[in-house]
Structures are given as structure tokens and as C-alpha cells.
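To be precise, the following lines are work02.cif, and they hold mmCIF, C-alpha atoms and all ligand atoms.
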```
data_run
loop_
_atom_site.group_PDB
_atom_site.id
_atom_site.type_symbol
_atom_site.label_atom_id
_atom_site.label_comp_id
_atom_site.auth_asym_id
_atom_site.auth_seq_id
_atom_site.Cartn_x
_atom_site.Cartn_y
_atom_site.Cartn_z
ATOM 1 C CA MET A 181 24.237 145.592 103.658
ATOM 2 C CA ALA A 182 20.522 146.339 103.860
ATOM 3 C CA ILE A 183 19.545 149.067 106.287
ATOM 4 C CA ASN A 184 17.027 148.111 108.955
ATOM 5 C CA LYS A 185 17.897 150.362 111.904
ATOM 6 C CA VAL A 186 16.722 153.896 111.167
ATOM 7 C CA GLY A 187 17.006 157.025 113.289
ATOM 8 C CA VAL A 188 14.912 160.135 112.696
ATOM 9 C CA VAL A 189 15.829 163.560 114.123
ATOM 10 C CA GLY A 190 12.908 165.978 114.200
ATOM 11 C CA ALA A 191 9.457 164.697 115.091
ATOM 12 C CA GLY A 192 7.451 167.294 113.171
ATOM 13 C CA GLN A 193 5.288 166.865 110.072
ATOM 14 C CA MET A 194 8.050 165.286 108.006
ATOM 15 C CA GLY A 195 10.057 163.375 110.621
ATOM 16 C CA GLY A 196 6.862 161.870 112.029
ATOM 17 C CA GLY A 197 5.774 160.730 108.570
ATOM 18 C CA ILE A 198 9.198 159.280 107.709
ATOM 19 C CA ALA A 199 9.274 157.335 110.993
ATOM 20 C CA GLN A 200 5.782 155.980 110.396
ATOM 21 C CA VAL A 201 6.490 154.820 106.841
ATOM 22 C CA ALA A 202 9.773 153.198 107.896
ATOM 23 C CA ALA A 203 8.077 151.323 110.760
ATOM 24 C CA VAL A 204 5.209 150.135 108.559
ATOM 25 C CA ALA A 205 7.851 148.884 106.081
ATOM 26 C CA GLY A 206 9.257 146.657 108.842
ATOM 27 C CA LEU A 207 12.274 148.775 109.869
ATOM 28 C CA GLU A 208 13.303 149.443 113.489
ATOM 29 C CA VAL A 209 12.954 153.174 114.138
ATOM 30 C CA LYS A 210 14.119 155.594 116.829
ATOM 31 C CA VAL A 211 12.725 159.129 116.820
ATOM 32 C CA PHE A 212 14.467 162.049 118.535
ATOM 33 C CA ASP A 213 13.346 165.674 118.860
ATOM 34 C CA ALA A 214 14.697 168.546 120.961
ATOM 35 C CA SER A 215 11.135 169.195 122.170
ATOM 36 C CA ALA A 216 9.552 166.580 124.464
ATOM 37 C CA GLN A 217 6.151 168.033 123.576
ATOM 38 C CA GLN A 218 6.765 167.412 119.866
ATOM 39 C CA VAL A 219 7.785 163.806 120.613
ATOM 40 C CA GLU A 220 4.522 163.253 122.502
ATOM 41 C CA ARG A 221 2.540 164.833 119.688
ATOM 42 C CA CYS A 222 4.344 162.639 117.144
ATOM 43 C CA LYS A 223 3.575 159.486 119.146
ATOM 44 C CA ALA A 224 -0.118 160.427 119.414
ATOM 45 C CA THR A 225 -0.217 161.136 115.651
ATOM 46 C CA HIS A 226 1.280 157.715 114.879
ATOM 47 C CA GLN A 227 -1.328 156.022 117.071
ATOM 48 C CA LYS A 228 -4.170 158.007 115.481
ATOM 49 C CA LEU A 229 -3.041 157.492 111.864
ATOM 50 C CA LEU A 230 -2.400 153.777 112.241
ATOM 51 C CA ALA A 231 -5.758 153.313 114.027
ATOM 52 C CA ARG A 232 -7.382 155.121 111.099
ATOM 53 C CA ALA A 233 -5.570 152.846 108.621
ATOM 54 C CA VAL A 234 -6.988 149.826 110.473
ATOM 55 C CA GLU A 235 -10.513 151.328 110.462
ATOM 56 C CA LYS A 236 -10.263 151.880 106.710
ATOM 57 C CA GLY A 237 -9.124 148.286 106.174
ATOM 58 C CA LYS A 238 -5.703 149.363 104.844
ATOM 59 C CA MET A 239 -3.909 147.208 107.427
ATOM 60 C CA GLY A 240 -4.763 144.701 110.123
ATOM 61 C CA GLN A 241 -4.694 145.491 113.860
ATOM 62 C CA ALA A 242 -1.717 143.156 114.394
ATOM 63 C CA GLU A 243 0.217 144.887 111.605
ATOM 64 C CA ALA A 244 -0.498 148.335 113.079
ATOM 65 C CA ASP A 245 0.480 147.180 116.584
ATOM 66 C CA ALA A 246 3.716 145.677 115.240
ATOM 67 C CA ALA A 247 4.565 148.915 113.388
ATOM 68 C CA LEU A 248 3.993 150.984 116.544
ATOM 69 C CA ALA A 249 6.107 148.548 118.562
ATOM 70 C CA ARG A 250 8.986 149.098 116.124
ATOM 71 C CA ILE A 251 9.126 152.835 116.969
ATOM 72 C CA ALA A 252 11.075 154.015 120.030
ATOM 73 C CA TYR A 253 10.751 157.683 121.041
ATOM 74 C CA VAL A 254 14.069 158.755 122.559
ATOM 75 C CA SER A 255 15.108 161.863 124.483
ATOM 76 C CA ASP A 256 18.871 161.866 123.929
ATOM 77 C CA VAL A 257 20.739 162.067 120.635
ATOM 78 C CA MET A 258 23.186 159.467 122.053
ATOM 79 C CA ASP A 259 20.322 156.944 121.885
ATOM 80 C CA LEU A 260 20.911 156.973 118.099
ATOM 81 C CA ALA A 261 24.397 155.431 118.532
ATOM 82 C CA ASP A 262 23.371 152.028 117.109
ATOM 83 C CA ARG A 263 21.646 153.324 113.938
ATOM 84 C CA GLN A 264 22.708 152.421 110.373
ATOM 85 C CA ILE A 265 21.143 155.616 109.018
ATOM 86 C CA VAL A 266 19.830 158.779 110.665
ATOM 87 C CA ILE A 267 17.439 160.926 108.650
ATOM 88 C CA GLU A 268 17.345 164.546 109.833
ATOM 89 C CA ALA A 269 14.087 166.507 109.453
ATOM 90 C CA VAL A 270 14.395 169.626 111.608
ATOM 91 C CA VAL A 271 13.785 173.256 110.700
ATOM 92 C CA GLU A 272 15.043 174.423 107.271
ATOM 93 C CA ASN A 273 18.021 176.397 108.601
ATOM 94 C CA GLU A 274 21.563 175.638 107.492
ATOM 95 C CA GLN A 275 23.249 176.474 110.804
ATOM 96 C CA VAL A 276 20.786 174.355 112.818
ATOM 97 C CA LYS A 277 21.318 171.428 110.439
ATOM 98 C CA ARG A 278 25.114 171.803 110.532
ATOM 99 C CA ASP A 279 25.027 171.757 114.364
ATOM 100 C CA ILE A 280 22.892 168.620 114.345
ATOM 101 C CA PHE A 281 25.115 166.857 111.810
ATOM 102 C CA ALA A 282 28.198 167.678 113.905
ATOM 103 C CA ARG A 283 26.438 166.129 116.937
ATOM 104 C CA LEU A 284 25.313 163.092 114.934
ATOM 105 C CA ASP A 285 28.875 162.654 113.682
ATOM 106 C CA GLN A 286 29.948 162.292 117.320
ATOM 107 C CA ALA A 287 26.966 160.244 118.466
ATOM 108 C CA THR A 288 26.775 157.550 115.764
ATOM 109 C CA GLY A 289 29.115 154.761 114.654
ATOM 110 C CA ALA A 290 31.552 155.402 111.791
ATOM 111 C CA GLY A 291 29.462 153.334 109.338
ATOM 112 C CA CYS A 292 26.232 155.224 109.929
ATOM 113 C CA VAL A 293 24.820 157.143 106.947
ATOM 114 C CA LEU A 294 23.661 160.673 107.780
ATOM 115 C CA ALA A 295 20.806 161.819 105.546
ATOM 116 C CA SER A 296 19.001 165.154 105.431
ATOM 117 C CA ASN A 297 15.398 165.672 104.418
ATOM 118 C CA THR A 298 16.248 169.282 103.566
ATOM 119 C CA SER A 299 14.050 170.857 100.906
ATOM 120 C CA SER A 300 16.711 173.148 99.540
ATOM 121 C CA ILE A 301 19.960 173.436 101.523
ATOM 122 C CA SER A 302 23.252 172.274 99.992
ATOM 123 C CA ILE A 303 24.113 168.710 101.035
ATOM 124 C CA THR A 304 27.796 169.540 100.521
ATOM 125 C CA ALA A 305 27.518 172.379 103.065
ATOM 126 C CA ILE A 306 25.776 170.128 105.614
ATOM 127 C CA ALA A 307 28.338 167.364 105.011
ATOM 128 C CA ALA A 308 31.178 169.798 105.700
ATOM 129 C CA ALA A 309 30.043 169.965 109.333
ATOM 130 C CA THR A 310 31.023 166.272 109.719
ATOM 131 C CA LYS A 311 34.199 164.219 109.426
ATOM 132 C CA ARG A 312 32.393 161.764 107.131
ATOM 133 C CA PRO A 313 31.190 163.777 104.090
ATOM 134 C CA GLU A 314 31.249 160.558 102.033
ATOM 135 C CA LYS A 315 28.430 159.207 104.225
ATOM 136 C CA VAL A 316 26.198 162.301 103.978
ATOM 137 C CA ILE A 317 23.335 162.431 101.465
ATOM 138 C CA GLY A 318 20.030 164.173 100.780
ATOM 139 C CA MET A 319 16.884 162.093 101.135
ATOM 140 C CA HIS A 320 14.050 164.494 100.331
ATOM 141 C CA PHE A 321 10.600 163.075 101.112
ATOM 142 C CA PHE A 322 7.334 164.861 100.286
ATOM 143 C CA TYR A 323 4.366 165.787 102.487
ATOM 144 C CA PRO A 324 2.335 163.852 103.508
ATOM 145 C CA VAL A 325 5.026 161.161 103.597
ATOM 146 C CA PRO A 326 2.697 158.135 103.886
ATOM 147 C CA VAL A 327 0.872 159.262 100.717
ATOM 148 C CA MET A 328 3.538 160.775 98.460
ATOM 149 C CA GLY A 329 5.564 158.326 96.389
ATOM 150 C CA LEU A 330 8.718 160.333 95.641
ATOM 151 C CA VAL A 331 12.115 160.615 97.324
ATOM 152 C CA GLU A 332 14.494 163.086 95.665
ATOM 153 C CA VAL A 333 18.002 161.730 96.339
ATOM 154 C CA ILE A 334 20.849 164.254 96.350
ATOM 155 C CA ASN A 335 24.540 163.414 96.422
ATOM 156 C CA GLY A 336 26.904 165.901 98.016
ATOM 157 C CA LEU A 337 30.295 166.530 96.459
ATOM 158 C CA ALA A 338 31.878 163.654 98.400
ATOM 159 C CA THR A 339 28.983 161.165 98.703
ATOM 160 C CA ASP A 340 30.172 157.561 98.223
ATOM 161 C CA PRO A 341 28.313 155.672 95.444
ATOM 162 C CA GLY A 342 27.767 152.802 97.920
ATOM 163 C CA VAL A 343 25.886 155.204 100.202
ATOM 164 C CA THR A 344 23.758 156.392 97.299
ATOM 165 C CA GLN A 345 22.890 152.788 96.436
ATOM 166 C CA ALA A 346 22.003 152.001 100.065
ATOM 167 C CA VAL A 347 19.660 155.020 100.140
ATOM 168 C CA LEU A 348 18.063 154.091 96.809
ATOM 169 C CA ASP A 349 17.446 150.575 98.191
ATOM 170 C CA LEU A 350 16.071 151.980 101.453
ATOM 171 C CA SER A 351 13.692 154.276 99.541
ATOM 172 C CA THR A 352 12.427 151.263 97.582
ATOM 173 C CA ALA A 353 12.036 149.240 100.793
ATOM 174 C CA MET A 354 9.909 152.119 102.139
ATOM 175 C CA GLY A 355 7.658 151.847 99.080
ATOM 176 C CA LYS A 356 8.949 155.029 97.408
ATOM 177 C CA THR A 357 10.392 155.852 94.003
ATOM 178 C CA ALA A 358 13.797 157.493 94.321
ATOM 179 C CA VAL A 359 14.856 159.999 91.668
ATOM 180 C CA PRO A 360 18.301 161.645 91.631
ATOM 181 C CA ALA A 361 18.940 165.390 91.511
ATOM 182 C CA ASN A 362 22.144 167.389 91.790
ATOM 183 C CA ASP A 363 23.225 169.490 94.756
ATOM 184 C CA ARG A 364 22.085 172.967 93.726
ATOM 185 C CA ALA A 365 19.828 175.150 95.913
ATOM 186 C CA GLY A 366 16.271 173.776 95.885
ATOM 187 C CA PHE A 367 17.356 170.722 93.833
ATOM 188 C CA VAL A 368 14.644 170.157 91.187
ATOM 189 C CA SER A 369 11.382 170.078 93.126
ATOM 190 C CA ASN A 370 11.633 173.300 95.119
ATOM 191 C CA ARG A 371 13.574 175.216 92.491
ATOM 192 C CA ILE A 372 10.391 174.985 90.425
ATOM 193 C CA LEU A 373 7.603 174.735 93.019
ATOM 194 C CA MET A 374 8.604 177.462 95.484
ATOM 195 C CA PRO A 375 8.864 180.384 93.033
ATOM 196 C CA MET A 376 5.338 179.459 91.878
ATOM 197 C CA ILE A 377 4.071 179.518 95.472
ATOM 198 C CA ASN A 378 5.881 182.823 96.114
ATOM 199 C CA GLU A 379 4.295 184.307 92.985
ATOM 200 C CA ALA A 380 0.860 183.289 94.280
ATOM 201 C CA PHE A 381 1.546 185.375 97.418
ATOM 202 C CA TYR A 382 2.493 188.334 95.193
ATOM 203 C CA ALA A 383 -0.715 187.895 93.186
ATOM 204 C CA TRP A 384 -2.679 187.967 96.461
ATOM 205 C CA MET A 385 -0.699 190.939 97.860
ATOM 206 C CA GLU A 386 -1.175 192.955 94.666
ATOM 207 C CA GLY A 387 -4.928 192.278 94.676
ATOM 208 C CA VAL A 388 -4.931 190.258 91.461
ATOM 209 C CA ALA A 389 -7.387 187.838 93.122
ATOM 210 C CA GLU A 390 -8.474 186.528 96.530
ATOM 211 C CA PRO A 391 -6.622 183.417 97.831
ATOM 212 C CA GLN A 392 -9.490 181.015 97.104
ATOM 213 C CA HIS A 393 -9.717 182.320 93.518
ATOM 214 C CA ILE A 394 -5.954 182.052 92.978
ATOM 215 C CA ASP A 395 -6.119 178.462 94.190
ATOM 216 C CA GLU A 396 -9.199 177.637 92.129
ATOM 217 C CA ILE A 397 -7.639 179.039 88.945
ATOM 218 C CA MET A 398 -4.473 176.994 89.445
ATOM 219 C CA LYS A 399 -6.432 173.842 90.365
ATOM 220 C CA LEU A 400 -8.883 173.916 87.493
ATOM 221 C CA GLY A 401 -6.688 175.656 84.934
ATOM 222 C CA MET A 402 -3.460 173.751 85.492
ATOM 223 C CA ASN A 403 -4.982 170.508 86.786
ATOM 224 C CA HIS A 404 -3.039 170.798 90.059
ATOM 225 C CA PRO A 405 -4.531 168.710 92.903
ATOM 226 C CA MET A 406 -4.551 171.778 95.163
ATOM 227 C CA GLY A 407 -3.842 175.473 94.724
ATOM 228 C CA PRO A 408 -0.437 176.979 95.585
ATOM 229 C CA LEU A 409 -1.627 178.916 98.653
ATOM 230 C CA ARG A 410 -3.278 175.895 100.229
ATOM 231 C CA LEU A 411 -0.202 173.826 99.409
ATOM 232 C CA ALA A 412 1.937 176.493 101.119
ATOM 233 C CA ASP A 413 -0.240 176.100 104.234
ATOM 234 C CA PHE A 414 0.383 172.343 104.199
ATOM 235 C CA ILE A 415 4.133 172.700 103.666
ATOM 236 C CA GLY A 416 4.348 175.354 106.421
ATOM 237 C CA LEU A 417 4.731 179.054 105.609
ATOM 238 C CA ASP A 418 7.938 179.267 107.682
ATOM 239 C CA THR A 419 9.413 176.415 105.621
ATOM 240 C CA CYS A 420 8.371 178.154 102.364
ATOM 241 C CA ALA A 421 10.031 181.417 103.474
ATOM 242 C CA HIS A 422 13.200 179.575 104.548
ATOM 243 C CA ILE A 423 13.391 177.810 101.172
ATOM 244 C CA MET A 424 12.983 181.083 99.240
ATOM 245 C CA ASN A 425 15.877 182.583 101.213
ATOM 246 C CA VAL A 426 18.014 179.510 100.470
ATOM 247 C CA LEU A 427 17.198 179.909 96.747
ATOM 248 C CA ALA A 428 18.039 183.640 96.848
ATOM 249 C CA ASP A 429 21.379 183.011 98.571
ATOM 250 C CA GLY A 430 22.272 179.828 96.686
ATOM 251 C CA LEU A 431 21.291 181.050 93.220
ATOM 252 C CA HIS A 432 22.593 184.580 93.886
ATOM 253 C CA SER A 433 19.400 186.360 92.892
ATOM 254 C CA GLU A 434 17.164 188.632 94.961
ATOM 255 C CA ARG A 435 14.186 187.687 92.799
ATOM 256 C CA TYR A 436 13.844 184.559 94.946
ATOM 257 C CA ARG A 437 13.374 186.423 98.282
ATOM 258 C CA PRO A 438 10.086 185.577 100.061
ATOM 259 C CA CYS A 439 7.135 187.812 99.178
ATOM 260 C CA PRO A 440 6.427 190.387 101.956
ATOM 261 C CA LYS A 441 2.918 188.915 102.332
ATOM 262 C CA LEU A 442 4.394 185.477 103.063
ATOM 263 C CA GLU A 443 6.853 186.999 105.540
ATOM 264 C CA GLN A 444 4.061 188.930 107.247
ATOM 265 C CA LEU A 445 2.056 185.757 107.961
ATOM 266 C CA VAL A 446 5.176 184.009 109.275
ATOM 267 C CA THR A 447 5.901 186.959 111.588
ATOM 268 C CA ALA A 448 2.314 186.742 112.860
ATOM 269 C CA GLY A 449 2.825 183.051 113.705
ATOM 270 C CA ARG A 450 0.350 181.976 111.020
ATOM 271 C CA LEU A 451 2.459 179.071 109.773
ATOM 272 C CA GLY A 452 -0.339 177.113 108.079
ATOM 273 C CA ASN A 453 -2.013 173.826 108.889
ATOM 274 C CA LYS A 454 0.380 173.042 111.755
ATOM 275 C CA THR A 455 -0.591 176.173 113.737
ATOM 276 C CA GLY A 456 -4.276 176.150 112.780
ATOM 277 C CA GLN A 457 -4.043 179.206 110.514
ATOM 278 C CA GLY A 458 -1.961 180.339 107.576
ATOM 279 C CA VAL A 459 -3.542 181.699 104.412
ATOM 280 C CA TYR A 460 -6.649 179.766 105.492
ATOM 281 C CA LYS A 461 -8.048 178.675 108.881
ATOM 282 C CA TYR A 462 -8.014 175.030 109.987
ATOM 283 C CA ASP A 463 -9.839 173.189 112.790
HETATM 284 N N1 LIG B 501 6.733 170.485 105.217
HETATM 285 C C1 LIG B 501 7.001 169.964 104.013
HETATM 286 O O1 LIG B 501 6.125 169.840 103.137
HETATM 287 C C2 LIG B 501 8.389 169.449 103.730
HETATM 288 C C3 LIG B 501 8.571 168.605 102.626
HETATM 289 C C4 LIG B 501 9.848 168.073 102.388
HETATM 290 C C5 LIG B 501 10.903 168.430 103.213
HETATM 291 N N2 LIG B 501 10.687 169.280 104.258
HETATM 292 C C6 LIG B 501 11.836 169.606 105.123
HETATM 293 O O2 LIG B 501 11.759 168.801 106.284
HETATM 294 C C7 LIG B 501 12.316 169.518 107.393
HETATM 295 C C8 LIG B 501 11.309 169.556 108.530
HETATM 296 O O3 LIG B 501 10.110 170.173 108.071
HETATM 297 P P1 LIG B 501 8.727 169.942 108.848
HETATM 298 O O4 LIG B 501 7.661 170.437 107.939
HETATM 299 O O5 LIG B 501 8.653 168.560 109.402
HETATM 300 O O6 LIG B 501 8.901 170.989 110.067
HETATM 301 P P2 LIG B 501 8.192 170.970 111.507
HETATM 302 O O7 LIG B 501 8.242 172.391 111.979
HETATM 303 O O8 LIG B 501 6.874 170.279 111.453
HETATM 304 O O9 LIG B 501 9.165 170.049 112.410
HETATM 305 C C9 LIG B 501 10.480 170.397 112.734
HETATM 306 C C10 LIG B 501 10.837 169.645 114.010
HETATM 307 O O10 LIG B 501 12.246 169.832 114.287
HETATM 308 C C11 LIG B 501 12.401 169.938 115.685
HETATM 309 N N3 LIG B 501 13.684 170.571 115.964
HETATM 310 C C12 LIG B 501 14.031 171.860 115.746
HETATM 311 N N4 LIG B 501 15.319 172.059 116.119
HETATM 312 C C13 LIG B 501 15.773 170.843 116.559
HETATM 313 C C14 LIG B 501 17.028 170.399 117.064
HETATM 314 N N5 LIG B 501 18.053 171.250 117.187
HETATM 315 N N6 LIG B 501 17.168 169.095 117.414
HETATM 316 C C15 LIG B 501 16.126 168.233 117.283
HETATM 317 N N7 LIG B 501 14.907 168.611 116.818
HETATM 318 C C16 LIG B 501 14.748 169.901 116.469
HETATM 319 C C17 LIG B 501 11.196 170.738 116.136
HETATM 320 O O11 LIG B 501 10.934 170.571 117.535
HETATM 321 C C18 LIG B 501 10.087 170.147 115.245
HETATM 322 O O12 LIG B 501 9.483 169.030 115.884
HETATM 323 C C19 LIG B 501 12.762 170.877 106.855
HETATM 324 O O13 LIG B 501 14.095 170.814 106.477
HETATM 325 C C20 LIG B 501 11.862 171.035 105.635
HETATM 326 O O14 LIG B 501 12.414 171.917 104.673
HETATM 327 C C21 LIG B 501 9.458 169.771 104.546
#
```
Please express the file's structure as C-alpha cells.
Amino acid sequence: MAINKVGVVGAGQMGGGIAQVAAVAGLEVKVFDASAQQVERCKATHQKLLARAVEKGKMGQAEADAALARIAYVSDVMDLADRQIVIEAVVENEQVKRDIFARLDQATGAGCVLASNTSSISITAIAAATKRPEKVIGMHFFYPVPVMGLVEVINGLATDPGVTQAVLDLSTAMGKTAVPANDRAGFVSNRILMPMINEAFYAWMEGVAEPQHIDEIMKLGMNHPMGPLRLADFIGLDTCAHIMNVLADGLHSERYRPCPKLEQLVTAGRLGNKTGQGVYKYD
């Protein structure tokens, strides 16, 4: 059965983007966040980004209006009761995700698929917080969701092949290419990306080069579209630090712990683009 009723939990950078892409693809979307302020911000961002898409001629006004009309912003997790899939995109913390999955297990119908957009946390561990581990799966989108074409799909130990197929089909319906990875800390993408970002913080901390020079060397020398420190700002420095800790715990190696320089910025509240300052300053 094709999925067309989608729930999103977490209306931040990722949840907002996932909701927008799903609505533009013609799916009915409900967005829930614990913070009413974040929900309002998400709604305003959807309006702004779709208006910009119309201005740029990427979609017609009627299409943008229809996409916005397909998104409901809800204030109670019970409002997700009628969903066929709920995609969770809250903070990268295993206990928070387990609590949310336990609540979603209660709130949604038995057939509902519960997906996590986690960047690194074990899907099997998240699934264990529910009574339906066979319906739990990783659906890892990339930032910014409307632009990036990949979804890394991660089966937990118990994930039903029918659920995997439904999520592969949903990813395609959302205009993305789904690629499978196994359930090991960081999967493929962040197992490789995050240690590189962490090393860039060490290079900065040890005075090897200034941030803009580290980024320029990696951009021009490695042909990366942006340098690792700027990318860290876009991902969110708190998210980067959380992922490094998940890698350290999950892969049983202290070499993955976040660089003290990264931790210092997080402690200072400089989380990157989303707070206006991280490694760099933003308007
Ligand atoms: N930022 C990235 O580039 C990126 C890429 C892929 C995956 N991810 C993953 O996506 C998830 C979200 O990341 P983000 O960058 O959107 O973070 P974010 O900080 O922008 O948003 C997180 C949202 O979760 C909400 N939230 C927190 N606790 C909640 C709860 N108990 N119930 C409901 N809502 C709650 C917050 O209010 C916030 O709106 C993380 O797991 C992250 O690892 C992030």
C-alpha cells in the first residue's frame, strides 16, 4: 500500500525540510514539535521557501498553495494517530528518541511505520523502545532536504522487508534516491564525514590554519562544495558533537570523541547557522 499520510516529529532544520518535500510531492503531512515557537518558525519557513520557489519559477502559485494546504501543524502527538508513517527528526539523543518512539507506539495505529532521521544512533536500540520493532526503520535525509537527493535507509535487526520496500518507494515518491546501509553507529555517511569534520576542529585548535583557510584548502584541494567547518555550521555544532559521542560509544573508541574546540562552541551556544553564529557569523 502506497504511503500518503505522513507525520513528522521535530520541526527544526530537518523535520521542516522533510515536511516541505513530502507536501510538494503531493503527500498529506502533519508536523508536531514539543516547542510551539519552533512550529511557528517552521510554518513561516515553509511559506517563505515556497514563495521563493514561485518567484524563481520553480513552481506555480497554485502548486505552492496546494503544498502548503497539505501541511497541518499540530500541537499534540495524539494528532498523529491516523498516519501511515511518522518520521522523527528531533535532537540526536538516544534517550529522547526512545521516549518519543515509545509515545508514538502508543499514539499511532498498529500498521504505522515509525522512521527515524537519526544521523548515527542505532535503529535497533530505538526500535527496542516500541512493541513493533518490525515497523521501525532509519530514513536518513540530508541537509538541506529540498536540495539533497539522498536518503540513507537503515534496517534495524527486526525491520520487516515490506517496511523497507514501503520506505524505498516513499523516498522515490519524494524525489530522492534511497541507498541502504547497515545499522552500525554513524551508518556510512557520518562514519566517514564526522571524523573529517572533527579533525578540522583539531586543525583549527592546534593552530594549523585559520578556519577560512582550512575550508578553502578542503574546497579547492578536495573539490568539496564547502569546507568542513562551514558544513559543520550548517549541520549544527550540537548535532556534530552528539554524533561524535555516538560514534565513540558505538564503535568503542575514544578517538571519536568531539574535539574540545567543537565542545567549547557548543557550550557557548554557538551552534552554527541556526543560532546565527558557530565557527562563522551569519545574518
Ligand atoms: N542537521 C543536519 O544536517 C542533519 C542531517 C541529517 C540528519 N539529522 C538528524 O536530524 C535530527 C534533527 O536535527 P535538526 O538539525 O533538524 O535539529 P534542530 O535542532 O534544528 O531541530 C530539532 C527539533 O526537535 C524538537 N524537539 C526536541 N525534543 C523534542 C521532543 N521531545 N518532542 C518533539 N520535538 C522535540 C526541537 O524543538 C527542534 O524543533 C537529529 O537526529 C539529527 O542528527 C540532521
Item to complete: Please write out the residues within 7 Å of ligand LIG 501 (chain B) as JSON, numbers by chain, counting all atoms listed in the file.
Response: {"A": [189, 190, 191, 192, 193, 194, 195, 212, 213, 214, 215, 218, 269, 270, 271, 272, 276, 280, 297, 298, 299, 300, 320, 321, 322, 323, 414, 415, 416, 419, 423]}
Discussion item. Please expand the PyMOL selection byres (((chain A and resi 382-392) around 12) and not hetatm) into the concrete residues it hits in this file, giving the result as a ChimeraX atom specification.
Written reply: /A:375-381,393-400,406-413,435-445,458-460
For Asp279 of chain A: contacts at 9 Å, all atoms listed in the file, fewer than 4 positions along chain excluded, given as a short mmCIF file (atom, residue, chain, number, x, y, z; two decimals) with C-alpha atoms, in the frame of the given file:
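out33.cif was written with the following content:
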```cif
data_model
loop_
_atom_site.label_atom_id
_atom_site.label_comp_id
_atom_site.auth_asym_id
_atom_site.auth_seq_id
_atom_site.Cartn_x
_atom_site.Cartn_y
_atom_site.Cartn_z
CA GLU A 274 21.56 175.64 107.49
CA GLN A 275 23.25 176.47 110.80
CA ARG A 283 26.44 166.13 116.94
CA LEU A 284 25.31 163.09 114.93
CA ILE A 306 25.78 170.13 105.61
CA ALA A 309 30.04 169.96 109.33
#
```
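For the residues A:Val359, A:Val446, A:Ile301, A:Cys292, ranking by smallest atom-to-atom distance to Asn425 of chain A using all atoms listed in the file places A:Ile301 first.
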Discussion item. If we count all atoms listed in the file and set the cut-off at 10 Å, which residues sit around Ala216 of chain A, ignoring sequence neighbours fewer than 5 positions away in its own chain? Please answer as a list in words.
Written reply: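 Residues near the query, excluding close chain neighbours: Ala191, Arg221, Cys222, Tyr253, Val254 and Ser255 of chain A.
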Worksheet item: Evaluating the PyMOL selection byres (((chain A and resi 233-247) around 12) and not hetatm) on the displayed file yields which residues, as a PyMOL selection string?
Response: chain A and resi 199-209+226-232+248-252+326
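Reported to one decimal place, the separation of atom CA of Ile267 of chain A from atom CA of Val188 of chain A is 4.8 Å.
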Worksheet item: Mind telling me what the PyMOL selection byres (((chain A and resi 319) around 7) and not hetatm) catches here, as a list in words?
Response: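 Residues picked by the PyMOL selection byres (((chain A and resi 319) around 7) and not hetatm): Ala295, Ser296, Asn297, Ile317, Gly318, His320, Phe321, Val331, Glu332, Val333 and Ile334 of chain A.
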Item to complete: Could you tell me which of A:Lys223, A:Arg450, A:Lys210, A:Arg278 comes closest to Asp259 of chain A if we count only C-alpha atoms?
Response: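 Answer, going by the shortest atom-to-atom distance: A:Lys210.
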Practice prompt. Identify, on the basis of all atoms listed in the file, every residue whose closest approach to Gly336 of chain A does not exceed 12 Å; exclude the query and any residue fewer than 5 positions from it along the same chain; express the result as an NGL selection string.
Written response: :A and (294-296 or 301-308 or 312-319 or 341 or 343-344 or 360-365 or 367)
Atoms are missing here; could segment 293-308 of chain A be completed with N, CA and C atoms and written as a short mmCIF file (atom, residue, chain, number, x, y, z; two decimals), in the frame of the given file?
```
data_model
loop_
_atom_site.label_atom_id
_atom_site.label_comp_id
_atom_site.auth_asym_id
_atom_site.auth_seq_id
_atom_site.Cartn_x
_atom_site.Cartn_y
_atom_site.Cartn_z
N VAL A 293 25.10 156.14 107.98
CA VAL A 293 24.82 157.14 106.95
C VAL A 293 24.04 158.28 107.59
N LEU A 294 24.39 159.51 107.26
CA LEU A 294 23.66 160.67 107.78
C LEU A 294 22.94 161.34 106.61
N ALA A 295 21.60 161.28 106.65
CA ALA A 295 20.81 161.82 105.55
C ALA A 295 20.03 163.04 106.02
N SER A 296 19.83 163.99 105.11
CA SER A 296 19.00 165.15 105.43
C SER A 296 17.77 165.18 104.54
N ASN A 297 16.64 165.50 105.17
CA ASN A 297 15.40 165.67 104.42
C ASN A 297 15.24 167.13 103.97
N THR A 298 16.34 167.87 103.97
CA THR A 298 16.25 169.28 103.57
C THR A 298 15.53 169.46 102.23
N SER A 299 14.78 170.55 102.14
CA SER A 299 14.05 170.86 100.91
C SER A 299 14.91 171.63 99.93
N SER A 300 16.01 172.20 100.41
CA SER A 300 16.71 173.15 99.54
C SER A 300 18.18 173.39 99.88
N ILE A 301 18.61 173.04 101.08
CA ILE A 301 19.96 173.44 101.52
C ILE A 301 21.01 172.49 100.94
N SER A 302 22.17 173.05 100.60
CA SER A 302 23.25 172.27 99.99
C SER A 302 23.69 171.11 100.89
N ILE A 303 23.68 169.91 100.31
CA ILE A 303 24.11 168.71 101.04
C ILE A 303 25.62 168.80 101.31
N THR A 304 26.34 169.38 100.35
CA THR A 304 27.80 169.54 100.52
C THR A 304 28.09 170.42 101.74
N ALA A 305 27.31 171.48 101.92
CA ALA A 305 27.52 172.38 103.06
C ALA A 305 27.20 171.66 104.38
N ILE A 306 26.14 170.87 104.40
CA ILE A 306 25.78 170.13 105.61
C ILE A 306 26.86 169.08 105.91
N ALA A 307 27.33 168.42 104.85
CA ALA A 307 28.34 167.36 105.01
C ALA A 307 29.63 167.92 105.58
N ALA A 308 29.92 169.18 105.25
CA ALA A 308 31.18 169.80 105.70
C ALA A 308 31.22 169.97 107.22
#
```
